[in-house]
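Here the structure is laid out as structure tokens; the discussion comes afterwards.
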Amino acid sequence: MWISKIKKRKIQMLLIGLIVMISSFMLSSAIGIITSVNEPMNKLIEETKAPVLFMTVDKNETVDKDLLDVKKAFQKDSRVSQVNIIDKIVMASGKIKAGDKYMGTALSYFLNYKTGDFGSPKFIKGGGNLEQGECFINSIISETYKLSMGDYITVENPKGDIKLKIKGIYSDPYSVSIGMNINRYYVNDGQLKDIAGVEQKMVTVYGNPQASVKEIIKNYKNNSNKQLSASIIDLDTAKMSAEISQQIIGAFVAVFALIILLVSAVVIRASIFDSIIKEYKTIGVYKALGYSASIIVNIYLKAYSTVIIASAAVGSFLSIFMMKYILNTTFKVYGVDVKVSYIMPAVFTIALVVVLMLISIYGVIRKTKRISPVEALSLGMPANNKKGVSLRFIENNFSPISQSFRKILNYKKFSVILFLILFICSYVVAFSITNYNNFSVLSEKSSFWFGLDDSKYRITITDKDKEKDIYTWMKNSEYIKNLVKGNLTYTSAEVPKEEIDEDGSMVLSVYEQYDKDIREAVVEGRNPKYDNEIAVSKKLLEKTHKAIGDYIDIYIKGQKKNLLITGSYQSMMRMGMNARILGKTVESADKTYESTNISFNLKSDSDYQSFKKQAVDKFGKAIDVYESKDYFKDILQGVMGPQRDAQIPFMVMLIAIGAINVFSIITLMNLSNKRDYCIYKTIGYSSMDLMIANGIYVLILGILAAIICIPVFSIAFPITMNLIFSMFGIYNYPANVEIHRLLISLLLSMGIYFISTILSSMLSLIHI
């Protein structure tokens with residue numbers, strides 16, 4: 001008998017099935033993405049025996065003794081299993097090209113390949129011994145720049161370019177995210193001598209499988225008597241960099257999918273309630289024939305639960321293909337055979353959706369127990385036996401607009417449900433469109449994400465011997481409006497263990513001067529004016545528990561500086577471990593310091609190509625001229641791109657669910673109002689009039705939802721985004737809501753809901 005219920009209510013069952021299926025599809029996909037991102041990284045760490053951290057130090061006269069002390073300090077920790085010191089490393093000063101394209105602004109380390117020095121990197125392709133003119137590159141470079149075996153990279157050197165043929169492509173936890181901004185290239189010993197740059201040494205630290213990286217670093221600080229100026233990169237940072245985009249996307253989709261699922265449950269509940277009302281007499285007949293209340297409940301429960309379970313299973317099953325596509329694309333660079341559990345998210349989703357839906361509908365179905373056979377047979381129960389509140393201007397007016405307002409008043413429950421659906425869908429549209437637009441703009445705005453200056457152009461100096469000549473020439477150039485020199489990523493600095501509980505490695509943004517013609521934005525206070533001052537990122541303020549006006553100790557090239565904090569700013573450079581300082585402050589501690597960057601503006605932007613050609617012709621490969629938006633562009637595209645690109649399909653799926661819910665509600669209302677529609681047609685109203693009334697009804701609620709959504713969204717959106725990005729050091733996310741784009745998007749989505757309303761009306765009114 002329960003099967004006959006499904007056949008009898010085909011349209012209703014189809015709509016319920018579609019709502020449950022799409023909701024399950026989205027929710028299962030989101031859960032699958034969130035729960036699966038850890039497994040490939042853990043597998044890669046295991047297979048490559050990767051160090052829990054590595055530390056790079058510039059070579060100097062005491063470096064050998066210093067690194068022995070570092071090794072002993074790490075070895076005192078029982079969680080540390082091994083410490084290696086790699087002697088021959090060069091941080092290249094020249095740019096690197098893939099074909100004709102420069103490969104971003106990442107730090108490029110060249111070293112010899114020796115198994116065990118840096119774990120055992122996994123070769124996806126190639127490998128073996130390296131000859132002169134050959135190299136190994138990591139998988140993220142290969143994927144980003146479409147490089148393969150046999151292709152060449154070019155390292156620009158002052159004494160002539162070096163072409164290296166790719167003989168192997170490897171993967172390890174530190175090389176699967178472009179957001180790490182660090183690339184390791186392996187060459188043979190003879191080739192290493194030809195690479196121009198800063199000679200360094202590296203310490204690799206290995207820990208037990210469950211070792212806490214944070215605790216290892218903290219323990220090292222406590223066991224070390226010497227404050228060594230070093231750059232430390234750890235596995236936790238590498239994992240976050242690789243996984244964060246997928247986790248944020250998954251979280252967004254999961255939250256909105258769950259919200260729309262809850263609202264859909266209310267719609268389904270109302271739909272089932274209407275069905276039971278229509279079958280009031282039928283249920284009375286069943287009871288009169290001897291069917292018990294529990295049997296009748298089971299008939300309805302089996303019918304609806306079958307559809308819900310089947311739809312949830314289909315949606316969750318289809319999500320496996322989406323998860324496989326996303327995860328296989330994401331984890332391609334890992335090069336590991338990972339058996340991600342696609343079943344667990346599907347099973348969890350099915351269980352959650354089924355329980356949620358059954359709880360919702362059981363409360364309606366069990367009302368059949370109260371139906372009396374005698375009452376049902378003698379009286380029946382009309383679908384809509386309560387009069388709504390009336391308004392004077394519609395009392396005697398039966399135009400489509402008046403009928404629309406009458407629907408709102410007479411069908412308050414349906415109207416509230418429909419309003420909630422339209423409000424949520426409007427919010428999703430606003431969220432997706434605004435995020436897409438913001439990410440599109442901000443993915444090319446390094447000054448915002450990394451706390452850099454507002455100049456339109458930059459120069460990177462790759463030959464430090466030419467620094468003074470380049471700066472003097474630029475100051476005298478007829479094209480230049482204003483300029484400032486410095487070093488945007490000075491790494492020989494550290495916060496001492498007395499100031500911070502974790503690794504104190506940091507990056508300094510060094511400028512000759514601040515806040516003159518070229519500005520560097522602050523959140524509070526001001527930038528440094530004197531050599532005993534410093535401005536620190538807001539994230540660093542939090543970590544050190546400092547405030548503006550306090551003093552903070554900073555080690556620069558091993559020399560301690562006690563500096564006054566004059567201001568704070570936002571930056572995600574080195575996960576917020578960033579500060580601004582004057583060039584003369586660095587020079588007093590680091591006698592080898594040279595400016596590597598010049599930020600500048602032109603008198604006329606139309607002169608950019610002419611200026612660039614003149615600069616390159618004069619200084620050749622000692623100089624790199626580019627627009628500021630291209631600085632760290634690869635990193636920003638790698639981190640922001642996936643999140644931006646996920647917005648549109650995500651929005652489309654939510655709108656589809658909204659349209660199906662609108663279809664369901666209008667169908668439900670039309671069937672409930674069938675008697676009234678027959679009367680309308682009898683006195684001369686056409687089906688078109690009734691359809692237009694339904695369309696206006698949905699548009700009124702949609703416009704109301706949009707009007708309320710826009711101010712709510714404008715308040716909630718920046719709070720949400722600031723909360724998310726504060727973990728990276730960004731606290732003032734620009735909620736740039738472009739009203740015209742937003743209105744166009746909302747109008748288009750309302751158009752879809754209007755079409756859904758008309759289709760529903762055509763199908764449900766055709767036989768009236």
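Residues are named by chain letter and number: chains run A, B, ... in the order of the structure tokens, numbers start at 1 in each chain, and ligands are numbered from 1 in the order shown.
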As a PyMOL selection string, please: all residues of segment 398-533 of chain A that backbone DSSP puts in strand (DSSP E).
chain A and resi 457-461+480-494+505-511+524-525+533
Which residues come within 8 Å of Gly99 of chain A, counting only C-alpha atoms, excluding same-chain residues fewer than 6 positions away, as a VMD selection string?
chain A and resid 152 to 154
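The protein and nucleic acid residues lying at most 7 Å from Val187 of chain A are Phe110, Leu111, Asn112, Tyr113, Leu130, Glu134, Cys135, Phe136, Gln191 and Leu192 of chain A, with only C-alpha atoms considered and sequence neighbours fewer than 3 positions away removed.
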Using only C-alpha atoms, the best pick from A:Gly729, A:Ala312, A:Leu235, A:Val63 as closest to Phe348 of chain A would be A:Ala312
Residue with smallest distance to Leu759 of chain A - pool A:Ala705, A:Thr349, A:Phe717, A:Phe663, counting only C-alpha atoms:
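Using only C-alpha atoms, Leu759 of chain A sits closest to A:Phe663.
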Skip Asp503 of chain A itself and residues of its chain fewer than 4 positions away, then list as a PyMOL selection string all residues within 12 Å of it, counting only C-alpha atoms.
chain A and resi 53-55+213-222+227-234+236-237+493-499+540+543-544+574-575+577
